[in-house]
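Participant: This is the structure I have questions about; it appears just below.
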Amino acid sequence: MARRTAIVGIGQTHHCAKRDDVNGQELINEAVMSALEDANLTIKDIDAIVIGNMDHFEAINYVDGWSVDGSGAFMKPIMKLTTGGTSGMTIATAGYYHIASGFFDVVLAIGWERNSESDTTAAITTCCQPLIERDFFAGAIGPLAAEYTNYMKRFGATEEDAALVSVRDHNNALNNPYAHLRMKITVEDVMKSPMLCYPIKLLDMCPRSDGACALIYACEGKAEKIAPKPAWVHAIAGSRDFVYMGEPFQREEMFTLERASERAYKRAGITNPLKEIDVMELYLPASTTGVKWMESLWVCGRGEAPNLIRKGVFNMDGELPINPSGGPLATNPIGATAMIRVGEAALQVMGKAGDRQVPNVKTALATAFGSCSWSDVTILRDTKP
Amino acid sequence: MPEGKPEVLFEVIEKEGMLIQKGRIKVPYTWAAGKIASRFLIGLRDEKRIYGIRCPECKTVFVPPKKLCHQCLAQMSEWVELGDEGILETFTIVRYSEPAIHPVETPLAYGIIKLKGADTGMVHLIGEADLTQLKEGLRMKAVFREERKGNYLDIKYFKPV
Amino acid sequence: MERAAIIGIGQTKYEKEKDGIFAELVYEATSRALDDAGMKIKDIDNVVTISNDFWDGRTISCMAVADAAGCHGKDASTVECDGAFGAFYGLMRVLSGYNTTLVVAHSKVSEGNPRIISNAAFDPIYERSLGLDAISSSALQARAYMKRFGITEEQCALVSVKNHKNARNNPYTQLPLDITVEDVMKSPKLADPIKLLDTSPITDGACAVIFAVEGEAKKWAKKPIWVKGVAHCTDAYRLGERDLTYSTALESAARKAYQMAGIANPSHEIDIAEVYDAFSYMELMWYEALGFCGKGDGGKLIESGKTQMGGELPVNPSGGVLSAHSVLVAGLARIAEAALQLRGEAGKRQVPGAKVALAHGINGVCAQQHCVWILASEK
């Protein structure tokens, strides 16, 4: 039986395009110290550590061992997890299981990336099967563009609907001191920005960032002593149902997000997500996904999302605020991005989200996306499961 | 059409009906050293000096230096000039050749040298030495390259004195 | 804490160069583990795969094996460490609400250049440019250890002789050899004091282990092998910051695992051990940190014969890592072999009457990280 586990501390760096004033271990340490300070703990209170990034962005093998100076892992147990874009949530999830299983009481989870250190597209391309995909594949954006073109055709969604998502997230980021891109923009700004891959334009796409995020998990019994309002983990579910880049696009729906959210809702006892969830931090790699994927979170029917977006349902003052932090469109250190979703969701539940706080959050949801369209979902609440 | 040989996109080997495709991952990287490592590397390049750093809590002097003490997780800022001599703690003579990573031809020797004033050992190459006469306890001295660029190999090697 | 057991084991044959792609190796090991347990893939409710992006030559290495590992429709995760560590994560998940966890590791060391890949573990800002790799760095550790305690190359060679001989009883392993100490001493020098026959080979392979929570374990075909203790620990990163002559990280992990398992006197209470002997000297070092003998007495222990087949505490009846080294898989294979021993299914390599086994995995340069498992045939 799983022990009840909560997030009791969150730390992150001030994400930006390039942190060339610090090396990787130092960047990690900033997030670690920030999380420890947030929880009013020292490294001595940490029983185990989990860490990850996407290897080929920094070309450091055995990052767990390398990280010791920054992560504080000396003479402690540390292990590394990596699953592409979903890594941040994979690592956060591991933090949870380290405790839920009963082996450890207080665990530090670290996600980090220094995307400035490499050619992002060149590194991502190595995920393609060498014999049948690698020489032809062109990066993450192509499939997302094709997905939205199809969606526009089927349901009459527009480029402006995607632009509304971009405007929402970028403007939300103005309230987030940690966000990389903090820009006041309009739909017109998005529409005029350079076309990358039709219909996705520059301001529709997530940036590459350098940054780190650290979460501290604690077991029931200790969590309540560490944080006045811990963010309790109620459900975690994932779907990695595809292997080749072409597979997900045989389906018109965002298959993995539907399977993962279904399972997570069942585990958390949620039947009407639009009503029962107070805030969502979604891994949106492009604004277009902020339109199309909403139906896959079961907050509306097929093709209905543009209507909700145009009505402002997902804005800060709407019924279900999405990405108060600005989301990945504002900040994207890939190995950390999914963990930042969990961390931001936790901040909302704990009432510590400062200027980006949504009032009265009881239930928060975070998602992760990556690889060939894999999804993970985490649900946090302010009450124990 | 440019003259000369056509560019080979794939190199495929066939072995008993199975195809094997050769490839090489080439992704360019730039690694930021951070302030502490930068100071150390600049010390090698511009001053031909080796600097260590001392932890304010456990007082360990580390070389090469780093910002954080792994034992205390404390930030370090107290620089210690170490001189260029030390004792050989352990070594090995490498006899296989791997040009992709070896900076010099084999046989080559690595050693861990405890510089005078340091509490940690420095791993580096050994040069100007009769490799059959290497032993623990030898006094070693750093030899700097003529042309230095601000990297770890600005020290060419340590030689026995 | 609830109890959990190993209920399924599958290994491919470990070979120098296997024809299958990663997914095929994973499918083979997974299928064997399922058959072993009498299960179908639908009986598995979550999966942990183990792979490394460098060794696989691709980012998101877990992507290539997701279907072969049966991840479809299930929660799954991926650990990028030696399999012994990944298996620990699988164990955690099965103790947190899942009924069964499949853990599967793979690597094809033959497909990459191990020197470049292991060189990438070194700090790009400092030591990487020296061109150190797994062999040359381990040689520094070997020499430091041997010098401090007067361990001889011949004593290390005894490990190679023992393990390659044991390998003759293991149908899965790669290098069963009938060699002598003289053969090892005469084998080509790689990085002094490490010679070719002191070194593990290049190996392709995969291994799968299925864990079940106590209430589920008895449903399946095989006698459950209970996990009594497991722990891991990490040393400092830089070689110059570590005591290369003795592994305090292994001592710490072992102490924790022994405590969990209620073991006070390891060399008497453990019947068989599978340890990670990437190099011959390492087995001697691990004897000491595991408490099988005193500090510095690893050479004496191998000479005593106690760790031979038929001795008081046989170590590496499978032939160990010296006989097959599929990186990342090898630690999981140690767990698999230990479990087979406790089931009484180890065939010609069986240690008679084995009831308590130790399995060990390492990760990182000069075994910076260690993971220790204690398994038992009784609860």
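Identifiers for the structure tokens are assigned positionally: chains receive A, B, ... in sequence, residues are indexed from 1 per chain, and ligands are indexed from 1 in the order shown.
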From a backbone DSSP assignment, name each residue in region 147-368 of chain A labelled strand (DSSP E or B), as a ChimeraX atom specification.
Facilitator: /A:195-197,200-201,205,210-219,231-239,279-281,286,322,363-368
Participant: Can you write just those residues out, N, CA and C atoms, as a short mmCIF file (atom, residue, chain, number, x, y, z; two decimals), in the first residue's frame?
Facilitator:
```
data_model
loop_
_atom_site.label_atom_id
_atom_site.label_comp_id
_atom_site.auth_asym_id
_atom_site.auth_seq_id
_atom_site.Cartn_x
_atom_site.Cartn_y
_atom_site.Cartn_z
N MET A 195 7.04 32.64 -39.64
CA MET A 195 6.49 31.29 -39.77
C MET A 195 7.64 30.29 -39.65
N LEU A 196 7.46 29.31 -38.78
CA LEU A 196 8.50 28.28 -38.64
C LEU A 196 8.15 27.08 -39.51
N CYS A 197 6.92 26.57 -39.27
CA CYS A 197 6.47 25.39 -40.01
C CYS A 197 4.96 25.50 -39.99
N ILE A 200 2.63 26.89 -37.47
CA ILE A 200 3.30 27.29 -36.22
C ILE A 200 4.32 28.39 -36.48
N LYS A 201 4.12 29.51 -35.78
CA LYS A 201 5.03 30.65 -35.93
C LYS A 201 5.93 30.75 -34.72
N MET A 205 5.78 28.89 -30.52
CA MET A 205 6.66 27.77 -30.19
C MET A 205 7.39 28.02 -28.88
N ASP A 210 17.99 27.46 -20.34
CA ASP A 210 18.86 26.83 -19.34
C ASP A 210 18.16 26.98 -18.00
N GLY A 211 18.05 25.89 -17.26
CA GLY A 211 17.40 26.04 -15.96
C GLY A 211 17.35 24.73 -15.22
N ALA A 212 17.01 24.83 -13.93
CA ALA A 212 16.88 23.64 -13.10
C ALA A 212 15.72 23.84 -12.14
N CYS A 213 15.13 22.71 -11.75
CA CYS A 213 14.01 22.72 -10.81
C CYS A 213 14.25 21.62 -9.81
N ALA A 214 13.92 21.87 -8.56
CA ALA A 214 14.05 20.82 -7.54
C ALA A 214 12.80 20.77 -6.69
N LEU A 215 12.33 19.56 -6.43
CA LEU A 215 11.16 19.36 -5.59
C LEU A 215 11.56 18.51 -4.39
N ILE A 216 10.97 18.82 -3.25
CA ILE A 216 11.22 17.97 -2.08
C ILE A 216 9.92 17.28 -1.72
N TYR A 217 9.99 15.95 -1.66
CA TYR A 217 8.84 15.13 -1.28
C TYR A 217 9.06 14.63 0.15
N ALA A 218 7.95 14.48 0.87
CA ALA A 218 8.06 13.93 2.21
C ALA A 218 6.88 13.02 2.51
N CYS A 219 7.09 12.09 3.42
CA CYS A 219 6.03 11.13 3.76
C CYS A 219 5.06 11.76 4.74
N ALA A 231 1.45 19.71 -0.61
CA ALA A 231 0.66 19.37 -1.81
C ALA A 231 0.68 17.85 -1.94
N TRP A 232 -0.43 17.21 -1.59
CA TRP A 232 -0.49 15.74 -1.55
C TRP A 232 -0.67 15.16 -2.94
N VAL A 233 0.09 14.10 -3.18
CA VAL A 233 0.01 13.42 -4.48
C VAL A 233 -1.20 12.48 -4.45
N HIS A 234 -2.14 12.73 -5.36
CA HIS A 234 -3.34 11.90 -5.43
C HIS A 234 -3.32 10.90 -6.57
N ALA A 235 -2.70 11.26 -7.66
CA ALA A 235 -2.71 10.34 -8.80
C ALA A 235 -1.55 10.64 -9.72
N ILE A 236 -0.99 9.55 -10.26
CA ILE A 236 0.04 9.66 -11.29
C ILE A 236 -0.29 8.61 -12.34
N ALA A 237 -0.27 8.99 -13.61
CA ALA A 237 -0.50 7.98 -14.66
C ALA A 237 0.23 8.44 -15.91
N GLY A 238 0.57 7.47 -16.77
CA GLY A 238 1.29 7.83 -17.98
C GLY A 238 0.97 6.91 -19.12
N SER A 239 1.33 7.35 -20.30
CA SER A 239 1.14 6.52 -21.49
C SER A 239 2.32 6.70 -22.43
N VAL A 279 -6.85 24.35 -11.32
CA VAL A 279 -5.79 24.94 -12.14
C VAL A 279 -5.02 23.82 -12.83
N MET A 280 -4.51 24.10 -14.02
CA MET A 280 -3.71 23.10 -14.73
C MET A 280 -2.40 23.72 -15.20
N GLU A 281 -1.33 22.98 -15.03
CA GLU A 281 -0.04 23.36 -15.61
C GLU A 281 0.25 22.31 -16.69
N ALA A 286 3.79 23.70 -28.10
CA ALA A 286 3.42 24.75 -29.04
C ALA A 286 2.01 25.20 -28.68
N ILE A 322 -5.19 28.03 -16.96
CA ILE A 322 -4.15 27.13 -17.46
C ILE A 322 -2.84 27.89 -17.55
N THR A 363 -7.39 21.50 -6.01
CA THR A 363 -6.93 20.42 -6.87
C THR A 363 -6.18 21.00 -8.06
N ALA A 364 -4.97 20.52 -8.30
CA ALA A 364 -4.18 20.99 -9.43
C ALA A 364 -3.71 19.80 -10.26
N LEU A 365 -3.60 20.02 -11.56
CA LEU A 365 -3.16 18.97 -12.46
C LEU A 365 -1.94 19.44 -13.24
N ALA A 366 -1.01 18.52 -13.45
CA ALA A 366 0.18 18.82 -14.25
C ALA A 366 0.34 17.74 -15.29
N THR A 367 0.79 18.14 -16.49
CA THR A 367 1.04 17.13 -17.52
C THR A 367 2.48 17.22 -18.01
N ALA A 368 2.91 16.13 -18.66
CA ALA A 368 4.22 16.08 -19.29
C ALA A 368 4.04 15.54 -20.69
#
```
Participant: Can you work out which residues from chain B touch chain A at a cut-off of 10 Å (counting only C-alpha atoms) and hand them back as a PyMOL selection string?
Facilitator: chain B and resi 9-10+12+19-23+25-38+66-75
Participant: CA of Leu197 (chain C) and CA of Gly111 (chain B) are how many Å apart?
Facilitator: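 For CA of Leu197 (chain C) relative to CA of Gly111 (chain B), the distance reads 23.1 Å.
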Participant: Within 8 Å of chain A, which residues of chain C come that close, and what is the closest atom pair and distance in Å for each? Count only C-alpha atoms and give it as a Markdown table.
Facilitator:
```
| residue | atom | partner | partner_atom | distance |
| --- | --- | --- | --- | --- |
| C:Met1 | CA | A:Gly102 | CA | 6.2 |
| C:Glu2 | CA | A:Met1 | CA | 7.6 |
| C:Asp53 | CA | A:Asp55 | CA | 6.6 |
| C:Phe54 | CA | A:Asn61 | CA | 6.9 |
| C:Gly57 | CA | A:Thr126 | CA | 7.5 |
| C:Arg58 | CA | A:Thr126 | CA | 4.8 |
| C:Thr59 | CA | A:Cys127 | CA | 4.7 |
| C:Ile60 | CA | A:Gly84 | CA | 5.0 |
| C:Ser61 | CA | A:Cys127 | CA | 7.0 |
| C:Cys62 | CA | A:Thr83 | CA | 6.5 |
| C:Met63 | CA | A:Val243 | CA | 5.5 |
| C:Ala64 | CA | A:Val243 | CA | 5.9 |
| C:Val65 | CA | A:Val243 | CA | 7.3 |
| C:Ala66 | CA | A:Val243 | CA | 6.3 |
| C:Asp67 | CA | A:Val243 | CA | 6.7 |
| C:Cys71 | CA | A:Arg240 | CA | 6.6 |
| C:His72 | CA | A:Asp241 | CA | 4.7 |
| C:Gly73 | CA | A:Ser239 | CA | 6.4 |
| C:Lys74 | CA | A:Ser239 | CA | 6.4 |
| C:Asp75 | CA | A:Gly238 | CA | 5.0 |
| C:Ala76 | CA | A:Gly238 | CA | 6.9 |
| C:Ser77 | CA | A:Thr90 | CA | 6.5 |
| C:Thr78 | CA | A:Leu81 | CA | 5.8 |
| C:Val79 | CA | A:Leu81 | CA | 4.4 |
| C:Glu80 | CA | A:Leu81 | CA | 5.3 |
| C:Cys81 | CA | A:Lys80 | CA | 6.4 |
| C:Phe85 | CA | A:Met79 | CA | 7.2 |
| C:Tyr89 | CA | A:His98 | CA | 7.5 |
| C:Met92 | CA | A:Ser101 | CA | 5.0 |
| C:Arg93 | CA | A:Tyr97 | CA | 5.9 |
| C:Val94 | CA | A:Ser101 | CA | 7.8 |
| C:Leu95 | CA | A:Ser101 | CA | 4.9 |
| C:Ser96 | CA | A:Ala2 | CA | 4.0 |
| C:Gly97 | CA | A:Met1 | CA | 5.1 |
| C:Ile117 | CA | A:Asn61 | CA | 7.5 |
| C:Ser118 | CA | A:Asn61 | CA | 7.4 |
| C:Ala120 | CA | A:Asn61 | CA | 5.2 |
| C:Ala121 | CA | A:Asn61 | CA | 4.3 |
| C:Phe122 | CA | A:Ile60 | CA | 7.4 |
| C:Asp123 | CA | A:Trp66 | CA | 7.3 |
| C:Pro124 | CA | A:Ile60 | CA | 7.6 |
| C:Ala231 | CA | A:Pro77 | CA | 7.7 |
| C:His232 | CA | A:Pro77 | CA | 5.2 |
| C:Cys233 | CA | A:Pro77 | CA | 4.3 |
| C:Thr234 | CA | A:Met75 | CA | 5.0 |
| C:Asp235 | CA | A:Met75 | CA | 5.4 |
| C:Ala236 | CA | A:Phe74 | CA | 5.6 |
| C:Tyr237 | CA | A:Trp66 | CA | 5.7 |
| C:Ala249 | CA | A:Met75 | CA | 6.2 |
| C:Ser252 | CA | A:Met75 | CA | 7.9 |
| C:Asn363 | CA | A:Tyr62 | CA | 7.8 |
| C:Gly364 | CA | A:Tyr62 | CA | 6.0 |
| C:Gln368 | CA | A:Gly65 | CA | 6.8 |
| C:Gln369 | CA | A:Gly65 | CA | 7.3 |
```
Participant: Take the residues from that selection and write them out as an mmCIF file, in the first residue's frame, keeping C-alpha atoms.
Facilitator:
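File produced: again-v2.cif:
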```cif
data_model
loop_
_atom_site.group_PDB
_atom_site.id
_atom_site.type_symbol
_atom_site.label_atom_id
_atom_site.label_comp_id
_atom_site.auth_asym_id
_atom_site.auth_seq_id
_atom_site.Cartn_x
_atom_site.Cartn_y
_atom_site.Cartn_z
ATOM 1 C CA MET C 1 6.778 -2.296 5.061
ATOM 2 C CA GLU C 2 5.081 -4.831 2.850
ATOM 3 C CA ASP C 53 21.428 7.121 -24.267
ATOM 4 C CA PHE C 54 25.181 6.976 -24.838
ATOM 5 C CA GLY C 57 23.695 5.867 -29.539
ATOM 6 C CA ARG C 58 20.438 7.809 -29.357
ATOM 7 C CA THR C 59 18.623 10.239 -27.142
ATOM 8 C CA ILE C 60 15.473 8.970 -25.407
ATOM 9 C CA SER C 61 16.786 5.419 -25.582
ATOM 10 C CA CYS C 62 13.684 4.169 -23.774
ATOM 11 C CA MET C 63 11.615 4.980 -26.851
ATOM 12 C CA ALA C 64 13.090 2.157 -28.894
ATOM 13 C CA VAL C 65 11.982 -0.572 -26.495
ATOM 14 C CA ALA C 66 8.654 0.668 -25.154
ATOM 15 C CA ASP C 67 6.535 -1.806 -27.116
ATOM 16 C CA CYS C 71 4.547 -0.651 -21.974
ATOM 17 C CA HIS C 72 1.425 -0.331 -24.086
ATOM 18 C CA GLY C 73 -1.504 0.672 -21.923
ATOM 19 C CA LYS C 74 0.592 0.744 -18.764
ATOM 20 C CA ASP C 75 2.398 3.187 -16.544
ATOM 21 C CA ALA C 76 6.097 2.973 -17.242
ATOM 22 C CA SER C 77 9.349 4.629 -16.359
ATOM 23 C CA THR C 78 13.012 4.419 -17.263
ATOM 24 C CA VAL C 79 16.110 4.444 -15.115
ATOM 25 C CA GLU C 80 19.464 5.252 -16.635
ATOM 26 C CA CYS C 81 21.759 3.401 -14.246
ATOM 27 C CA PHE C 85 19.556 0.366 -9.317
ATOM 28 C CA TYR C 89 13.013 1.541 -8.536
ATOM 29 C CA MET C 92 9.626 0.680 -5.010
ATOM 30 C CA ARG C 93 6.787 0.857 -7.480
ATOM 31 C CA VAL C 94 5.525 -2.621 -6.647
ATOM 32 C CA LEU C 95 5.451 -1.645 -2.987
ATOM 33 C CA SER C 96 3.423 1.477 -3.773
ATOM 34 C CA GLY C 97 0.207 0.056 -5.085
ATOM 35 C CA ILE C 117 31.291 6.395 -24.238
ATOM 36 C CA SER C 118 32.988 5.884 -20.882
ATOM 37 C CA ALA C 120 31.956 10.940 -21.581
ATOM 38 C CA ALA C 121 31.470 10.220 -17.883
ATOM 39 C CA PHE C 122 34.372 12.539 -17.089
ATOM 40 C CA ASP C 123 33.969 16.245 -16.470
ATOM 41 C CA PRO C 124 34.103 18.123 -19.795
ATOM 42 C CA ALA C 231 20.313 -0.064 -0.531
ATOM 43 C CA HIS C 232 22.565 2.086 -2.682
ATOM 44 C CA CYS C 233 25.120 4.788 -2.067
ATOM 45 C CA THR C 234 27.249 7.257 -4.048
ATOM 46 C CA ASP C 235 30.849 8.328 -3.456
ATOM 47 C CA ALA C 236 32.461 11.629 -4.476
ATOM 48 C CA TYR C 237 32.774 12.304 -8.195
ATOM 49 C CA ALA C 249 30.064 3.814 -0.601
ATOM 50 C CA SER C 252 27.535 2.057 3.508
ATOM 51 C CA ASN C 363 27.484 2.570 -11.694
ATOM 52 C CA GLY C 364 29.851 5.310 -12.779
ATOM 53 C CA GLN C 368 31.402 5.495 -7.781
ATOM 54 C CA GLN C 369 27.967 4.068 -6.954
#
```
Participant: Taking only C-alpha atoms into account, what are the residues of chain C at most 9 Å from chain B, put as number ranges by chain?
Facilitator: C: 19, 57-58, 115-116, 119, 124-133, 135-137, 139-141, 143-144, 147, 189-193, 236-242
Participant: For the residues in the current selection, export N, CA and C atoms as a short mmCIF file (atom, residue, chain, number, x, y, z; two decimals), in the first residue's frame.
Facilitator:
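The resulting file, part-v7.cif, is shown below:
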```cif
data_model
loop_
_atom_site.label_atom_id
_atom_site.label_comp_id
_atom_site.auth_asym_id
_atom_site.auth_seq_id
_atom_site.Cartn_x
_atom_site.Cartn_y
_atom_site.Cartn_z
N ASP C 19 22.59 -10.28 -33.18
CA ASP C 19 21.97 -9.76 -34.39
C ASP C 19 20.75 -8.89 -34.11
N GLY C 57 23.47 4.99 -28.39
CA GLY C 57 23.70 5.87 -29.54
C GLY C 57 22.47 6.66 -29.96
N ARG C 58 21.62 7.03 -29.02
CA ARG C 58 20.44 7.81 -29.36
C ARG C 58 19.89 8.47 -28.10
N ARG C 115 35.19 3.15 -25.24
CA ARG C 115 36.16 4.10 -24.70
C ARG C 115 35.63 5.51 -24.79
N ILE C 116 35.07 5.86 -25.94
CA ILE C 116 34.50 7.20 -26.09
C ILE C 116 33.32 7.36 -25.14
N ASN C 119 34.50 7.65 -21.61
CA ASN C 119 35.20 8.94 -21.47
C ASN C 119 34.19 10.07 -21.21
N PRO C 124 33.62 17.49 -18.56
CA PRO C 124 34.10 18.12 -19.80
C PRO C 124 34.99 19.34 -19.52
N ILE C 125 34.86 19.91 -18.32
CA ILE C 125 35.64 21.11 -18.03
C ILE C 125 37.07 20.77 -17.61
N TYR C 126 37.25 19.61 -17.00
CA TYR C 126 38.59 19.25 -16.54
C TYR C 126 39.10 17.95 -17.14
N GLU C 127 38.74 16.82 -16.50
CA GLU C 127 39.45 15.57 -16.78
C GLU C 127 39.13 14.90 -18.12
N ARG C 128 37.99 15.25 -18.75
CA ARG C 128 37.63 14.54 -19.97
C ARG C 128 38.70 14.66 -21.03
N SER C 129 39.32 15.84 -21.11
CA SER C 129 40.32 16.06 -22.15
C SER C 129 41.56 15.19 -21.99
N LEU C 130 41.73 14.59 -20.81
CA LEU C 130 42.88 13.71 -20.62
C LEU C 130 42.72 12.40 -21.40
N GLY C 131 41.47 12.08 -21.76
CA GLY C 131 41.26 10.85 -22.51
C GLY C 131 41.11 9.62 -21.64
N LEU C 132 40.77 9.85 -20.37
CA LEU C 132 40.52 8.71 -19.49
C LEU C 132 39.28 7.96 -19.96
N ASP C 133 39.28 6.66 -19.73
CA ASP C 133 38.06 5.89 -19.99
C ASP C 133 37.90 4.88 -18.86
N ILE C 135 38.73 1.76 -18.57
CA ILE C 135 39.89 0.90 -18.28
C ILE C 135 41.02 1.69 -17.64
N SER C 136 41.38 2.84 -18.22
CA SER C 136 42.53 3.57 -17.68
C SER C 136 42.23 4.12 -16.28
N SER C 137 40.99 4.53 -16.05
CA SER C 137 40.67 5.05 -14.71
C SER C 137 40.64 3.91 -13.70
N ALA C 139 42.37 1.32 -13.82
CA ALA C 139 43.76 0.94 -13.56
C ALA C 139 44.37 1.79 -12.46
N LEU C 140 44.01 3.07 -12.42
CA LEU C 140 44.48 3.95 -11.33
C LEU C 140 43.98 3.42 -9.99
N GLN C 141 42.72 3.00 -9.97
CA GLN C 141 42.15 2.47 -8.73
C GLN C 141 42.82 1.15 -8.36
N ARG C 143 45.76 0.03 -9.09
CA ARG C 143 47.13 0.20 -8.60
C ARG C 143 47.15 0.77 -7.19
N ALA C 144 46.28 1.75 -6.94
CA ALA C 144 46.24 2.36 -5.60
C ALA C 144 45.88 1.31 -4.55
N LYS C 147 48.72 -1.37 -4.21
CA LYS C 147 49.91 -0.82 -3.56
C LYS C 147 49.69 -0.70 -2.07
N LYS C 189 48.92 -6.48 -21.88
CA LYS C 189 48.68 -5.41 -20.92
C LYS C 189 47.80 -4.35 -21.56
N LEU C 190 46.82 -3.91 -20.85
CA LEU C 190 45.96 -2.84 -21.35
C LEU C 190 46.37 -1.51 -20.71
N ALA C 191 46.19 -1.43 -19.40
CA ALA C 191 46.64 -0.27 -18.64
C ALA C 191 47.12 -0.84 -17.32
N ASP C 192 48.42 -0.77 -17.09
CA ASP C 192 49.00 -1.45 -15.92
C ASP C 192 48.27 -1.09 -14.66
N PRO C 193 47.94 -2.03 -13.79
CA PRO C 193 48.20 -3.46 -13.83
C PRO C 193 47.14 -4.31 -14.53
N ALA C 236 32.13 10.36 -3.81
CA ALA C 236 32.46 11.63 -4.48
C ALA C 236 32.71 11.38 -5.96
N TYR C 237 32.65 12.46 -6.74
CA TYR C 237 32.77 12.30 -8.19
C TYR C 237 34.23 12.21 -8.67
N ARG C 238 35.05 13.19 -8.26
CA ARG C 238 36.42 13.23 -8.79
C ARG C 238 37.27 12.11 -8.20
N LEU C 239 38.06 11.49 -9.03
CA LEU C 239 38.93 10.41 -8.58
C LEU C 239 39.86 10.88 -7.46
N GLY C 240 40.36 12.10 -7.59
CA GLY C 240 41.31 12.62 -6.61
C GLY C 240 40.67 12.96 -5.27
N GLU C 241 39.33 12.95 -5.22
CA GLU C 241 38.63 13.26 -3.98
C GLU C 241 38.21 11.99 -3.25
N ARG C 242 38.45 10.84 -3.88
CA ARG C 242 37.98 9.59 -3.31
C ARG C 242 39.12 8.79 -2.72
#
```
Participant: How far is it from CA of Gly319 (chain C) to CA of Ser247 (chain C), in Å with one decimal?
Facilitator: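 Here the two named atoms are 22.6 Å from each other.
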Participant: As an MDAnalysis selection string, please: every residue in chain B that DSSP puts in helix (DSSP H, G or I).
Facilitator: chainID B and resid 34:47 131:133 152:154
Participant: For Thr100 (chain C), which of C:Gly8, C:Gly296, C:Gly361, C:Gly291 is the closest residue, counting only C-alpha atoms?
Facilitator: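 Once distances to Thr100 (chain C) are computed over only C-alpha atoms, the minimum belongs to C:Gly8.
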Participant: How many Å separate CA of Val275 (chain C) from CA of His360 (chain C)?
Facilitator: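 Result for CA of Val275 (chain C) versus CA of His360 (chain C): 4.8 Å, one decimal.
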Participant: What's the 12 Å shell around Lys225 (chain A), counting only C-alpha atoms, without same-chain residues fewer than 5 positions away, as number ranges by chain?
Facilitator: A: 6, 8, 39-41, 106, 218-220, 230
Participant: Can I get the selection written as a tab-separated table (two decimals), in the first residue's frame, with C-alpha atoms?
Facilitator:
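The resulting file, part_19.tsv, is shown below:
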```tsv
chain	number	residue	atom	x	y	z
A	6	ALA	CA	3.38	15.26	-0.45
A	8	VAL	CA	6.84	20.17	0.71
A	39	ALA	CA	11.17	23.82	2.92
A	40	ASN	CA	13.44	25.11	5.66
A	41	LEU	CA	15.59	21.99	5.48
A	106	VAL	CA	12.37	12.84	2.52
A	218	ALA	CA	8.06	13.93	2.21
A	219	CYS	CA	6.03	11.13	3.76
A	220	GLU	CA	2.91	11.54	5.82
A	230	PRO	CA	1.76	20.24	1.73
```
Participant: Find the residues near Arg255 (chain C): any atom within 12 Å, counting only C-alpha atoms, skip ones fewer than 3 places away on the same chain, and give them as a VMD selection string.
Facilitator: chain C and resid 229 to 233 248 to 252 258 to 266 289 to 291 370 to 374
Participant: With C-alpha atoms kept, could you save the residues just selected as a short mmCIF file (atom, residue, chain, number, x, y, z; two decimals), in the first residue's frame?
Facilitator:
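Everything below was put into out_33.cif:
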```cif
data_model
loop_
_atom_site.label_atom_id
_atom_site.label_comp_id
_atom_site.auth_asym_id
_atom_site.auth_seq_id
_atom_site.Cartn_x
_atom_site.Cartn_y
_atom_site.Cartn_z
CA GLY C 229 17.18 -5.73 2.00
CA VAL C 230 18.32 -3.27 -0.64
CA ALA C 231 20.31 -0.06 -0.53
CA HIS C 232 22.57 2.09 -2.68
CA CYS C 233 25.12 4.79 -2.07
CA THR C 248 33.13 3.50 1.64
CA ALA C 249 30.06 3.81 -0.60
CA LEU C 250 29.80 0.04 -0.91
CA GLU C 251 30.35 -0.39 2.80
CA SER C 252 27.54 2.06 3.51
CA TYR C 258 22.30 -6.03 5.95
CA GLN C 259 20.44 -4.07 8.59
CA MET C 260 17.18 -4.32 6.65
CA ALA C 261 17.73 -8.05 6.20
CA GLY C 262 18.74 -8.67 9.80
CA ILE C 263 22.21 -9.88 8.80
CA ALA C 264 24.86 -9.40 11.48
CA ASN C 265 27.63 -11.60 10.09
CA PRO C 266 27.59 -11.49 6.29
CA ALA C 289 33.66 -3.48 1.67
CA LEU C 290 30.97 -6.16 1.85
CA GLY C 291 32.52 -7.41 5.08
CA HIS C 370 27.02 0.73 -5.46
CA CYS C 371 23.71 -1.08 -5.02
CA VAL C 372 23.38 -4.12 -2.75
CA TRP C 373 20.50 -6.59 -2.66
CA ILE C 374 19.80 -9.33 -0.13
#
```
